[in-house]
$ cat coords.cif   # mmCIF, C-alpha atoms and all ligand atoms
data_data
loop_
_atom_site.label_atom_id
_atom_site.label_comp_id
_atom_site.auth_asym_id
_atom_site.auth_seq_id
_atom_site.Cartn_x
_atom_site.Cartn_y
_atom_site.Cartn_z
CA MET A 1266 6.85 -17.09 51.06
CA ASN A 1267 8.45 -18.40 47.88
CA HIS A 1268 6.64 -19.56 44.80
CA ASN A 1269 6.71 -23.21 45.84
CA GLU A 1270 5.09 -22.59 49.18
CA TYR A 1271 2.53 -20.36 47.57
CA ILE A 1272 1.45 -23.16 45.23
CA LYS A 1273 1.26 -25.59 48.18
CA LEU A 1274 -0.92 -23.19 50.10
CA LYS A 1275 -3.22 -22.78 47.11
CA ILE A 1276 -3.55 -26.54 46.79
CA TYR A 1277 -4.39 -26.84 50.48
CA GLU A 1278 -7.02 -24.11 50.21
CA SER A 1279 -8.52 -25.73 47.19
CA THR A 1280 -8.89 -29.14 48.85
CA GLU A 1281 -10.52 -27.53 51.87
CA THR A 1282 -13.04 -25.77 49.65
CA ILE A 1283 -13.81 -28.98 47.81
CA ASN A 1284 -14.45 -30.85 51.07
CA TYR A 1285 -16.73 -28.11 52.25
CA LEU A 1286 -18.67 -27.93 49.00
CA GLN A 1287 -19.10 -31.69 48.88
CA LYS A 1288 -20.58 -31.69 52.35
CA ILE A 1289 -23.09 -28.98 51.47
CA ASP A 1290 -23.92 -30.62 48.19
CA ASN A 1291 -24.86 -33.79 50.08
CA PHE A 1292 -27.20 -32.02 52.42
CA VAL A 1293 -29.07 -29.45 50.38
CA LEU A 1294 -32.52 -30.43 49.24
CA CYS A 1295 -33.53 -27.80 46.74
CA ILE A 1296 -32.55 -29.00 43.27
CA TYR A 1297 -31.42 -25.56 42.07
CA GLU A 1298 -29.25 -25.14 45.08
CA LYS A 1299 -27.75 -28.53 44.37
CA PHE A 1300 -26.95 -27.45 40.83
CA TYR A 1301 -25.37 -24.30 42.08
CA TYR A 1302 -23.05 -26.12 44.44
CA TYR A 1303 -22.33 -28.73 41.88
CA GLU A 1304 -21.15 -26.04 39.47
CA LEU A 1305 -18.93 -24.53 42.13
CA LEU A 1306 -17.52 -27.95 42.83
CA THR A 1307 -16.63 -28.62 39.21
CA TYR A 1308 -14.94 -25.26 38.99
CA GLU A 1309 -12.91 -25.94 42.09
CA THR A 1310 -11.86 -29.44 41.00
CA ASN A 1311 -10.63 -28.10 37.69
CA LYS A 1312 -8.64 -25.49 39.50
CA LEU A 1313 -7.10 -28.12 41.72
CA ARG A 1314 -6.23 -30.26 38.74
CA GLN A 1315 -4.40 -27.33 37.12
CA LEU A 1316 -2.53 -26.60 40.32
CA MET A 1317 -1.46 -30.21 40.71
CA LYS A 1318 -0.23 -30.33 37.13
CA TYR A 1319 1.76 -27.19 37.70
CA ALA A 1320 3.25 -28.48 40.93
CA ASN A 1321 4.20 -31.81 39.32
CA ASN A 1322 6.01 -30.01 36.56
CA MET A 1323 7.94 -27.96 39.06
CA ASN A 1324 8.93 -31.03 41.00
CA SER A 1325 10.02 -32.96 37.97
CA GLN A 1326 12.21 -30.03 37.03
CA GLN A 1327 13.86 -29.88 40.40
CA ASP A 1328 14.01 -33.34 41.92
CA ASN A 1329 13.89 -35.92 39.18
CA PHE A 1330 17.20 -34.79 37.84
CA LYS A 1331 19.14 -35.05 41.04
CA ASN A 1332 19.93 -38.70 40.25
CA GLN A 1333 20.38 -38.24 36.55
CA LYS A 1334 23.50 -38.28 34.48
CA GLU A 1335 25.94 -35.55 35.36
CA PHE A 1336 27.80 -33.74 32.63
CA THR A 1337 31.02 -31.82 32.97
CA ILE A 1338 31.52 -28.92 30.61
CA GLU A 1339 34.00 -31.04 28.63
CA GLU A 1340 31.56 -33.90 28.29
CA LEU A 1341 28.82 -31.52 27.29
CA SER A 1342 30.98 -30.08 24.52
CA GLN A 1343 30.95 -33.49 22.81
CA TYR A 1344 27.26 -33.09 22.10
CA ASP A 1345 27.50 -30.15 19.76
CA GLY A 1346 25.13 -31.38 17.06
CA SER A 1347 27.81 -31.67 14.38
CA ASN A 1348 27.93 -34.81 12.23
CA ALA A 1349 24.42 -35.73 13.34
CA LYS A 1350 25.60 -36.03 16.97
CA PRO A 1351 23.03 -35.13 19.62
CA ALA A 1352 22.76 -31.44 20.43
CA TYR A 1353 22.75 -30.78 24.19
CA VAL A 1354 22.58 -27.40 25.85
CA ALA A 1355 22.70 -26.53 29.55
CA VAL A 1356 20.44 -23.84 31.01
CA ASN A 1357 20.35 -23.14 34.74
CA GLY A 1358 22.27 -26.32 35.47
CA ILE A 1359 19.94 -28.65 33.56
CA VAL A 1360 21.04 -30.26 30.31
CA TYR A 1361 18.41 -30.29 27.57
CA ASP A 1362 18.32 -32.33 24.40
CA LEU A 1363 17.74 -30.10 21.38
CA SER A 1364 18.58 -32.71 18.76
CA ILE A 1365 15.20 -32.54 17.07
CA GLU A 1366 14.18 -29.06 18.12
CA ALA A 1367 13.17 -27.51 14.78
CA THR A 1368 14.74 -24.12 15.44
CA TRP A 1369 18.11 -25.74 16.17
CA GLY A 1370 19.12 -26.89 12.67
CA GLY A 1371 22.52 -28.62 12.76
CA GLY A 1372 22.86 -27.89 16.48
CA THR A 1373 22.98 -24.16 15.86
CA HIS A 1374 20.48 -21.45 16.63
CA PHE A 1375 20.89 -17.78 15.65
CA GLY A 1376 24.65 -17.88 15.92
CA LEU A 1377 24.73 -20.08 19.05
CA TYR A 1378 26.21 -23.57 19.08
CA ALA A 1379 25.06 -26.59 21.07
CA GLY A 1380 27.37 -28.34 23.54
CA LYS A 1381 27.61 -25.34 25.85
CA ASP A 1382 26.13 -23.73 28.91
CA LEU A 1383 23.90 -21.07 27.37
CA THR A 1384 22.18 -19.82 30.51
CA ASN A 1385 23.03 -16.18 29.92
CA GLN A 1386 22.03 -16.26 26.28
CA PHE A 1387 18.76 -17.96 27.16
CA MET A 1388 18.01 -15.41 29.83
CA SER A 1389 18.71 -12.46 27.59
CA CYS A 1390 16.46 -13.74 24.78
CA HIS A 1391 13.74 -15.81 26.45
CA GLY A 1392 14.15 -14.83 30.10
CA ASN A 1393 10.45 -14.10 30.37
CA LYS A 1394 9.43 -17.31 28.63
CA GLN A 1395 10.64 -20.00 31.02
CA GLU A 1396 7.89 -22.33 29.83
CA ILE A 1397 9.94 -23.02 26.69
CA LEU A 1398 12.17 -25.17 28.86
CA ARG A 1399 9.36 -27.18 30.33
CA ASN A 1400 8.60 -28.96 27.07
CA LEU A 1401 12.17 -29.86 26.19
CA PRO A 1402 13.51 -33.34 26.88
CA LYS A 1403 15.95 -33.24 29.79
CA VAL A 1404 18.95 -35.52 29.81
CA GLY A 1405 20.84 -34.66 32.97
CA ILE A 1406 22.45 -31.96 35.02
CA LEU A 1407 25.61 -29.95 34.69
CA ARG A 1408 28.27 -30.63 37.30
CA LYS A 1409 29.46 -27.44 38.92
CA MET B 984 -16.08 -32.56 -7.14
CA PHE B 985 -19.01 -30.72 -5.67
CA HIS B 986 -18.90 -30.59 -1.94
CA THR B 987 -22.38 -30.86 -0.47
CA LYS B 988 -21.70 -29.82 3.09
CA CYS B 989 -19.48 -26.82 2.87
CA PRO B 990 -19.53 -24.28 0.05
CA ILE B 991 -16.26 -22.73 1.20
CA VAL B 992 -14.29 -25.84 0.33
CA ASP B 993 -15.31 -25.45 -3.28
CA SER B 994 -14.96 -21.75 -3.63
CA LYS B 995 -11.55 -21.87 -1.96
CA ARG B 996 -10.02 -23.40 -5.04
CA THR B 997 -11.27 -20.62 -7.25
CA ILE B 998 -10.82 -17.57 -5.03
CA PRO B 999 -7.18 -16.86 -5.99
CA ARG B 1000 -8.10 -17.19 -9.67
CA LYS B 1001 -10.92 -14.69 -9.26
CA ILE B 1002 -8.66 -12.18 -7.56
CA VAL B 1003 -6.02 -12.60 -10.22
CA ASP B 1004 -8.61 -12.14 -12.98
CA LEU B 1005 -10.02 -9.12 -11.24
CA ALA B 1006 -6.58 -7.53 -10.97
CA ILE B 1007 -5.89 -8.21 -14.67
CA GLU B 1008 -9.26 -6.80 -15.61
CA TYR B 1009 -8.68 -3.62 -13.61
CA ILE B 1010 -5.30 -3.21 -15.18
CA ASN B 1011 -6.60 -3.81 -18.71
CA GLN B 1012 -9.43 -1.36 -18.29
CA ASN B 1013 -6.95 1.16 -16.98
CA LYS B 1014 -9.17 1.64 -14.00
CA MET B 1015 -6.29 2.81 -11.93
CA LYS B 1016 -3.96 5.46 -13.19
CA LYS B 1017 -0.57 3.91 -13.72
CA MET B 1018 1.42 5.01 -10.72
CA ASN B 1019 4.94 6.28 -11.01
CA LEU B 1020 7.63 4.18 -9.47
CA ILE B 1021 11.14 5.05 -8.38
CA TRP B 1022 13.49 2.16 -7.83
CA ILE B 1023 16.60 3.23 -5.95
CA GLU B 1024 19.53 0.94 -5.68
CA ALA B 1025 21.26 1.93 -2.48
CA CYS B 1026 24.03 -0.05 -0.78
CA GLY B 1027 23.36 -3.44 -2.36
CA CYS B 1028 24.33 -5.75 -5.18
CA ALA B 1029 21.59 -5.06 -7.78
CA GLY B 1030 20.40 -8.61 -7.24
CA ASN B 1031 16.78 -7.66 -6.84
CA ILE B 1032 16.48 -5.79 -10.11
CA ILE B 1033 18.07 -8.75 -11.88
CA SER B 1034 15.66 -11.02 -10.07
CA LEU B 1035 12.78 -8.80 -11.22
CA LEU B 1036 13.90 -9.22 -14.85
CA ASN B 1037 13.40 -12.94 -14.37
CA GLY B 1038 9.73 -12.45 -13.56
CA GLU B 1039 7.19 -14.65 -15.25
CA ASP B 1040 3.39 -14.38 -15.25
CA PRO B 1041 3.40 -11.44 -15.32
CA ASP B 1042 6.81 -10.73 -16.73
CA VAL B 1043 8.70 -7.51 -16.39
CA ILE B 1044 7.54 -6.17 -19.79
CA TYR B 1045 3.92 -6.43 -18.68
CA PHE B 1046 4.90 -4.94 -15.35
CA LEU B 1047 6.49 -1.91 -16.99
CA ASN B 1048 3.89 -1.49 -19.73
CA LYS B 1049 0.68 -2.02 -17.86
CA MET B 1050 1.20 -1.76 -14.15
CA VAL B 1051 3.59 1.02 -13.26
CA ASN B 1052 5.47 3.82 -14.83
CA MET B 1053 9.05 3.26 -13.74
CA THR B 1054 10.60 6.69 -14.00
CA TYR B 1055 13.91 6.03 -12.32
CA ASN B 1056 16.13 3.02 -12.04
CA ASN B 1057 19.84 3.03 -12.60
CA SER B 1058 19.90 -0.32 -14.38
CA LEU B 1059 16.88 -0.03 -16.62
CA MET B 1060 16.40 3.61 -17.62
CA ALA B 1061 17.64 5.09 -20.87
CA GLN B 1062 18.84 8.42 -19.52
CA GLU B 1063 22.12 8.78 -17.74
CA GLY B 1064 23.96 11.29 -15.59
CA GLU B 1065 22.18 14.51 -14.65
CA LYS B 1066 19.29 13.76 -17.03
CA ALA B 1067 18.55 10.63 -15.10
CA PHE B 1068 18.57 12.38 -11.77
CA GLU B 1069 16.30 15.10 -13.13
CA LYS B 1070 13.75 12.39 -13.83
CA PHE B 1071 14.07 11.37 -10.20
CA LEU B 1072 13.46 14.93 -9.04
CA GLU B 1073 10.49 15.35 -11.37
CA THR B 1074 8.85 12.22 -10.01
CA LEU B 1075 9.08 13.45 -6.45
CA ASP B 1076 6.25 15.89 -7.09
CA THR B 1077 3.87 13.20 -8.31
CA GLU B 1078 2.13 10.27 -6.67
CA PHE B 1079 4.63 7.46 -6.65
CA ILE B 1080 5.74 4.19 -5.12
CA LEU B 1081 9.29 4.09 -3.82
CA VAL B 1082 11.15 0.82 -4.06
CA VAL B 1083 14.53 0.61 -2.39
CA GLU B 1084 16.90 -2.26 -2.76
CA GLY B 1085 20.06 -2.34 -0.72
CA ALA B 1086 20.63 -0.98 2.75
CA VAL B 1087 21.24 2.66 3.57
CA SER B 1088 24.91 3.26 4.24
CA THR B 1089 25.07 5.96 6.89
CA LYS B 1090 28.76 6.36 7.73
CA ASP B 1091 30.20 9.80 6.87
CA ASN B 1092 26.77 11.00 5.80
CA GLY B 1093 26.34 8.15 3.38
CA LEU B 1094 29.47 8.88 1.40
CA TYR B 1095 30.19 5.20 0.76
CA ASN B 1096 27.20 4.88 -1.51
CA VAL B 1097 26.97 7.68 -4.07
CA ILE B 1098 24.27 7.18 -6.68
CA ALA B 1099 24.45 10.39 -8.73
CA ARG B 1100 26.30 13.62 -9.37
CA TYR B 1101 23.96 16.56 -9.83
CA LYS B 1102 25.14 20.11 -10.49
CA GLY B 1103 28.55 19.27 -9.16
CA ARG B 1104 27.23 17.78 -5.93
CA LEU B 1105 27.41 14.13 -4.97
CA ILE B 1106 24.03 12.60 -4.21
CA THR B 1107 24.33 9.76 -1.76
CA GLY B 1108 21.95 6.83 -1.52
CA MET B 1109 21.10 8.00 1.99
CA LYS B 1110 20.06 11.44 0.71
CA ALA B 1111 18.00 10.00 -2.15
CA VAL B 1112 16.16 7.53 0.08
CA ASP B 1113 15.49 10.29 2.56
CA MET B 1114 14.18 12.68 -0.10
CA ALA B 1115 11.95 10.15 -1.81
CA GLY B 1116 10.94 8.39 1.40
CA LYS B 1117 9.35 11.55 2.74
CA LYS B 1118 7.12 12.01 -0.29
CA ALA B 1119 6.30 8.53 -1.52
CA ASN B 1120 2.79 7.13 -1.20
CA TYR B 1121 4.17 3.68 -0.48
CA VAL B 1122 7.68 2.57 0.38
CA LEU B 1123 8.78 -0.97 -0.39
CA ALA B 1124 12.03 -2.31 1.02
CA VAL B 1125 12.87 -5.02 -1.48
CA GLY B 1126 15.50 -7.61 -0.62
CA SER B 1127 17.02 -8.50 2.72
CA CYS B 1128 19.44 -5.55 2.86
CA ALA B 1129 16.68 -3.00 2.49
CA SER B 1130 14.35 -4.93 4.79
CA TYR B 1131 16.66 -5.98 7.60
CA GLY B 1132 20.21 -4.80 6.83
CA GLY B 1133 21.20 -8.14 5.36
CA PRO B 1134 24.68 -8.74 3.97
CA SER B 1135 25.33 -4.98 3.71
CA ALA B 1136 24.93 -4.57 7.46
CA ALA B 1137 26.65 -7.84 8.40
CA ARG B 1138 29.47 -7.75 10.95
CA PRO B 1139 31.64 -5.70 11.14
CA ASN B 1140 29.48 -3.36 9.04
CA PRO B 1141 32.17 -0.84 8.07
CA SER B 1142 29.73 1.39 6.17
CA LEU B 1143 27.28 1.51 9.13
CA SER B 1144 24.50 0.28 6.90
CA LYS B 1145 20.93 0.27 8.14
CA SER B 1146 17.75 -1.17 6.77
CA VAL B 1147 15.35 1.21 5.04
CA TYR B 1148 12.82 0.15 7.65
CA ASP B 1149 15.04 1.50 10.44
CA PHE B 1150 16.27 4.47 8.49
CA LEU B 1151 12.95 5.95 7.43
CA ASP B 1152 10.56 7.14 10.06
CA ARG B 1153 7.42 5.94 8.30
CA GLU B 1154 5.63 2.81 7.22
CA VAL B 1155 7.83 0.59 5.07
CA ILE B 1156 6.57 -2.64 3.53
CA ARG B 1157 9.24 -5.30 3.71
CA VAL B 1158 9.67 -7.69 0.81
CA PRO B 1159 12.78 -9.57 1.96
CA GLY B 1160 14.75 -12.30 0.24
CA CYS B 1161 18.25 -12.49 -1.07
CA PRO B 1162 17.24 -11.70 -3.71
CA SER B 1163 13.52 -11.19 -3.42
CA HIS B 1164 11.41 -13.36 -5.69
CA PRO B 1165 10.13 -11.40 -8.74
CA GLN B 1166 6.59 -12.48 -7.96
CA TRP B 1167 6.82 -11.26 -4.39
CA ILE B 1168 7.79 -7.84 -5.73
CA ILE B 1169 5.32 -7.67 -8.61
CA GLY B 1170 2.63 -9.31 -6.48
CA THR B 1171 2.97 -6.76 -3.71
CA ILE B 1172 2.91 -3.88 -6.18
CA ALA B 1173 -0.06 -5.44 -8.00
CA HIS B 1174 -1.90 -5.59 -4.72
CA ILE B 1175 -1.10 -1.97 -3.99
CA ILE B 1176 -2.33 -0.69 -7.33
CA SER B 1177 -5.41 -2.93 -7.47
CA PHE B 1178 -6.63 -3.23 -3.92
CA GLY B 1179 -4.40 -1.01 -1.79
CA LYS B 1180 -1.91 -2.06 0.85
CA PRO B 1181 -1.75 -5.84 1.36
CA THR B 1182 -2.27 -7.34 4.81
CA LEU B 1183 1.03 -7.23 6.66
CA ASP B 1184 2.39 -9.28 9.53
CA GLN B 1185 4.11 -7.92 12.66
CA GLU B 1186 7.32 -7.35 10.74
CA ASN B 1187 5.45 -5.54 7.94
CA ARG B 1188 5.77 -8.32 5.39
CA PRO B 1189 2.79 -9.18 3.17
CA ILE B 1190 1.40 -12.36 4.71
CA LEU B 1191 0.34 -13.36 1.24
CA PHE B 1192 3.93 -14.36 0.57
CA TYR B 1193 5.52 -14.58 4.01
CA GLY B 1194 2.80 -16.13 6.09
CA ILE B 1195 4.08 -19.67 6.71
CA THR B 1196 7.50 -21.17 7.37
CA ILE B 1197 9.31 -23.14 4.70
CA HIS B 1198 9.42 -26.09 7.08
CA ASP B 1199 5.62 -26.22 7.20
CA ARG B 1200 5.29 -26.82 3.49
CA CYS B 1201 8.58 -28.55 2.78
CA PRO B 1202 8.36 -31.68 0.62
CA ARG B 1203 10.91 -33.29 2.96
CA ARG B 1204 8.78 -32.67 6.01
CA SER B 1205 7.69 -36.29 6.34
CA TYR B 1206 11.35 -37.25 6.76
CA PHE B 1207 11.67 -34.70 9.50
CA ASP B 1208 8.61 -35.99 11.32
CA LYS B 1209 9.97 -39.54 11.16
CA GLU B 1210 13.43 -38.29 12.18
CA ILE B 1211 15.18 -39.51 9.09
CA PHE B 1212 17.93 -37.05 8.34
CA ALA B 1213 20.48 -36.54 5.57
CA THR B 1214 24.06 -36.81 6.82
CA LYS B 1215 25.68 -35.15 3.84
CA LEU B 1216 24.67 -32.98 0.94
CA GLY B 1217 23.03 -34.74 -1.97
CA GLU B 1218 20.88 -37.07 0.07
CA LYS B 1219 17.16 -36.91 -0.35
CA GLU B 1220 16.16 -36.81 3.32
CA CYS B 1221 15.47 -33.82 5.56
CA MET B 1222 18.53 -31.58 5.85
CA PHE B 1223 17.80 -30.46 9.39
CA LYS B 1224 21.00 -31.97 10.78
CA LEU B 1225 22.99 -30.10 8.16
CA GLY B 1226 21.72 -26.83 9.55
CA CYS B 1227 18.54 -26.16 7.59
CA ARG B 1228 16.90 -22.82 8.46
CA GLY B 1229 13.55 -23.72 6.93
CA PRO B 1230 11.89 -23.93 10.36
CA VAL B 1231 12.72 -20.32 11.19
CA THR B 1232 12.21 -18.75 7.78
CA LYS B 1233 8.83 -17.65 6.52
CA THR B 1234 8.47 -17.63 2.75
CA GLU B 1235 6.52 -19.60 0.21
CA CYS B 1236 9.56 -20.93 -1.65
CA PRO B 1237 8.37 -24.58 -1.47
CA ILE B 1238 5.33 -23.89 -3.62
CA ARG B 1239 6.45 -20.85 -5.62
CA ARG B 1240 9.98 -22.09 -6.37
CA TRP B 1241 12.47 -20.12 -8.45
CA ASN B 1242 13.57 -19.57 -12.06
CA ASP B 1243 10.11 -19.91 -13.54
CA SER B 1244 9.25 -22.38 -10.82
CA ILE B 1245 11.84 -24.90 -11.99
CA ASN B 1246 13.54 -25.50 -8.67
CA TRP B 1247 14.45 -24.09 -5.30
CA PRO B 1248 17.28 -24.58 -2.78
CA ILE B 1249 15.94 -27.53 -0.82
CA GLY B 1250 14.71 -29.13 -4.04
CA ASP B 1251 18.28 -28.89 -5.24
CA ASN B 1252 19.78 -30.43 -2.08
CA THR B 1253 20.93 -27.20 -0.46
CA PRO B 1254 19.71 -26.51 3.07
CA CYS B 1255 17.75 -23.30 3.47
CA ILE B 1256 20.09 -20.54 4.68
CA GLY B 1257 17.33 -18.26 5.91
CA CYS B 1258 18.10 -15.52 3.38
CA ALA B 1259 14.68 -13.92 3.78
CA ARG B 1260 14.64 -13.41 7.50
CA ASN B 1261 15.83 -10.98 10.06
CA GLY B 1262 19.43 -11.55 11.11
CA PHE B 1263 20.62 -12.96 7.81
CA PRO B 1264 23.51 -13.61 7.27
CA ASP B 1265 25.19 -13.38 10.70
CA ALA B 1266 22.52 -15.09 12.76
CA MET B 1267 21.93 -17.74 10.12
CA GLU B 1268 25.52 -18.98 10.11
CA PRO B 1269 26.83 -21.62 9.74
CA PHE B 1270 25.06 -22.20 6.42
CA ILE B 1271 26.04 -25.83 6.51
CA ARG B 1272 27.19 -28.05 9.35
CA TYR B 1273 28.51 -31.60 9.41
S1 LIG C 1501 14.72 -29.84 4.81
FE1 LIG C 1501 14.57 -28.05 6.19
S2 LIG C 1501 12.57 -27.15 5.78
FE2 LIG C 1501 12.56 -29.22 4.88
S3 LIG C 1501 11.68 -30.50 6.51
FE3 LIG C 1501 13.88 -30.57 6.76
S4 LIG C 1501 14.32 -28.92 8.26
FE4 LIG C 1501 12.26 -28.56 7.48
#
$ encode --input "coords.cif" --output "structure tokens"
Amino acid sequence: MNHNEYIKLKIYESTETINYLQKIDNFVLCIYEKFYYYELLTYETNKLRQLMKYANNMNSQQDNFKNQKEFTIEELSQYDGSNAKPAYVAVNGIVYDLSIEATWGGGTHFGLYAGKDLTNQFMSCHGNKQEILRNLPKVGILRK
Amino acid sequence: MFHTKCPIVDSKRTIPRKIVDLAIEYINQNKMKKMNLIWIEACGCAGNIISLLNGEDPDVIYFLNKMVNMTYNNSLMAQEGEKAFEKFLETLDTEFILVVEGAVSTKDNGLYNVIARYKGRLITGMKAVDMAGKKANYVLAVGSCASYGGPSAARPNPSLSKSVYDFLDREVIRVPGCPSHPQWIIGTIAHIISFGKPTLDQENRPILFYGITIHDRCPRRSYFDKEIFATKLGEKECMFKLGCRGPVTKTECPIRRWNDSINWPIGDNTPCIGCARNGFPDAMEPFIRY
């Protein structure tokens, strides 16, 4: 089971639990019991909300860019951040806009220049911090 | 104005003053014994000692008279030759602070940085730092070379220079900067002699001076937030597009400023080149881009 399927399964489980809890909450009479189930319900809904948010993010990373602008390596190299041009960088096939990313002054970042595919460099420095990518504006994909 | 709700807001403005006064009082009353201080210039450019001479409030005369007893420094001491090095050896048996500026050149046993000749033998910077580093009560790496390798260890690093932090196997307080600001140096030492070791961050820099990035307190920050950027040097907007390293460099340059607080790089239309951080100069290049 890959990560995607795992998340889907979790979402399914969570909805089932919520349905179940709602049913019980409707039928119990004791007020304390009602509170108890109500608490459980809130907890479960929050969990579901988190899961959905996570899943949406994953989808937007994968699907939404299928129809987006495609860059060849040559095209990408135009956006190197010099002369106030935009600074684009490709990581794992997705092109990100780093033009106003504070750590990328002048389209450069610790000896690296924008306008390139920096997948390897990204992996070696922030390989364990994939969430950095999630907050960056995406502008397209890199044509293989 | 008196703040009715929160007493901290009011006292906040006066806390630094109180600490400063307290430190001065301690020093005047000679509460602490003046500690000896050895200042070794290893593989560097002597920039930090020159920077120290530019100190103001307190200036270097006060520093030398009242705060420490500088027994050895190649630029400032009266003795020369073997006499000078004897002073160094004498100090080793006392309580002392070791300040090193410049990296430690390690190739060929440090032969590319000889600081003295004693009884016919050459004393390398590496040997001196090693000798004093083992015995010192506190070790300060002043300047970017001593703290991180800096220009001395820049590619291709023919002298195999290392930072004092990496070279010595003990706690080293880093006071980086190229050069380091006189008040960062004197301030750190003042803290040591008055209140003990200052609070350090993960990289062992006193957070008092290196706690916040330049970008966070930059007077051009509002331009950055509105995305109005300078396109060439000399313009008054944010120099981010010209390659400013303010966002990745932690110092208090924007409020402390340089040369008796007259000006500082960004105030003088030069983008920050990140001289006080790890990786300078190689990782901070290009210094300007357009
Ligand atoms: S000039 Fe540099 S430090 Fe100042 S706001 Fe712009 S990027 Fe930040």
$ closest_atom_pairs --input "coords.cif" --of "chain A" --to "ligand LIG 1501 (chain C)" --cutoff "9 Å" --atoms "all atoms listed in the file" --output "CSV"
residue,atom,partner,partner_atom,distance
A:Ala1367,CA,C:LIG1501,S4,6.8
A:Thr1368,CA,C:LIG1501,S4,8.6
A:Gly1370,CA,C:LIG1501,S4,6.8
$ write_last_selection --input "coords.cif" --atoms "C-alpha atoms" --output "PDB file, keeping the file's coordinate frame"
ATOM      1  CA  ALA A1367      13.170 -27.510  14.780  1.00  0.00           C
ATOM      2  CA  THR A1368      14.740 -24.120  15.440  1.00  0.00           C
ATOM      3  CA  GLY A1370      19.120 -26.890  12.670  1.00  0.00           C
TER       4      GLY A1370
END
$ residues_near_point --input "coords.cif" --point "(21.6, -21.2, 12.7)" --cutoff "7 Å" --atoms "only C-alpha atoms" --output "ChimeraX atom specification"
/A:1369-1370,1373-1376 /B:1226,1228,1266-1269
$ closest_atom_pairs --input "coords.cif" --of "chain B" --to "chain A" --cutoff "12 Å" --atoms "all atoms listed in the file" --output "Markdown table"
| residue | atom | partner | partner_atom | distance |
| --- | --- | --- | --- | --- |
| B:Thr1196 | CA | A:Thr1368 | CA | 11.2 |
| B:Ile1197 | CA | A:Ala1367 | CA | 11.6 |
| B:His1198 | CA | A:Ala1367 | CA | 8.7 |
| B:Asp1199 | CA | A:Ala1367 | CA | 10.8 |
| B:Arg1204 | CA | A:Ala1367 | CA | 11.1 |
| B:Tyr1206 | CA | A:Ile1365 | CA | 12.0 |
| B:Phe1207 | CA | A:Ile1365 | CA | 8.6 |
| B:Asp1208 | CA | A:Ile1365 | CA | 9.4 |
| B:Lys1209 | CA | A:Ile1365 | CA | 10.5 |
| B:Glu1210 | CA | A:Ile1365 | CA | 7.8 |
| B:Ile1211 | CA | A:Ile1365 | CA | 10.6 |
| B:Phe1212 | CA | A:Ala1349 | CA | 8.3 |
| B:Ala1213 | CA | A:Ala1349 | CA | 8.7 |
| B:Thr1214 | CA | A:Ala1349 | CA | 6.6 |
| B:Lys1215 | CA | A:Asn1348 | CA | 8.7 |
| B:Leu1216 | CA | A:Asn1348 | CA | 11.9 |
| B:Cys1221 | CA | A:Gly1370 | CA | 10.6 |
| B:Met1222 | CA | A:Gly1370 | CA | 8.3 |
| B:Phe1223 | CA | A:Gly1370 | CA | 5.0 |
| B:Lys1224 | CA | A:Gly1371 | CA | 4.2 |
| B:Leu1225 | CA | A:Gly1371 | CA | 4.9 |
| B:Gly1226 | CA | A:Gly1371 | CA | 3.8 |
| B:Cys1227 | CA | A:Gly1370 | CA | 5.2 |
| B:Arg1228 | CA | A:Gly1370 | CA | 6.3 |
| B:Gly1229 | CA | A:Thr1368 | CA | 8.6 |
| B:Pro1230 | CA | A:Thr1368 | CA | 5.8 |
| B:Val1231 | CA | A:Thr1368 | CA | 6.0 |
| B:Thr1232 | CA | A:Thr1368 | CA | 9.7 |
| B:Pro1254 | CA | A:Gly1370 | CA | 9.6 |
| B:Cys1255 | CA | A:Gly1370 | CA | 10.0 |
| B:Ile1256 | CA | A:Gly1370 | CA | 10.3 |
| B:Gly1257 | CA | A:Phe1375 | CA | 10.4 |
| B:Arg1260 | CA | A:Phe1375 | CA | 11.2 |
| B:Asn1261 | CA | A:Phe1375 | CA | 10.2 |
| B:Gly1262 | CA | A:Phe1375 | CA | 7.8 |
| B:Phe1263 | CA | A:Phe1375 | CA | 9.2 |
| B:Pro1264 | CA | A:Gly1376 | CA | 9.7 |
| B:Asp1265 | CA | A:Gly1376 | CA | 6.9 |
| B:Ala1266 | CA | A:Phe1375 | CA | 4.3 |
| B:Met1267 | CA | A:Phe1375 | CA | 5.6 |
| B:Glu1268 | CA | A:Gly1376 | CA | 6.0 |
| B:Pro1269 | CA | A:Gly1376 | CA | 7.5 |
| B:Phe1270 | CA | A:Gly1371 | CA | 9.4 |
| B:Ile1271 | CA | A:Gly1371 | CA | 7.7 |
| B:Arg1272 | CA | A:Gly1371 | CA | 5.8 |
| B:Tyr1273 | CA | A:Asn1348 | CA | 4.3 |
$ atom_distance --input "coords.cif" --atom1 "atom CA of A:Tyr1344" --atom2 "atom CA of A:Val1404"
11.6 Å
$ closest_residue --input "coords.cif" --among "B:Ala1137, B:Cys1028, B:Leu1183, B:Cys1201" --to "B:Asn1096" --atoms "only C-alpha atoms"
B:Cys1028
$ residues_near_point --input "coords.cif" --point "(-5.1, -31.9, 41.1)" --cutoff "12 Å" --atoms "all atoms listed in the file" --output "PyMOL selection string"
chain A and resi 1272-1273+1275-1277+1279-1280+1283+1309-1321
$ residues_around --input "coords.cif" --residues "B:Ala1124" --least-positions-apart "2" --cutoff "8 Å" --atoms "all atoms listed in the file" --output "list in words"
Val1082, Val1083, Glu1084, Val1122, Gly1126, Ala1129, Ser1130, Val1147, Tyr1148, Val1155, Ile1156, Arg1157, Val1158 and Pro1159 of chain B
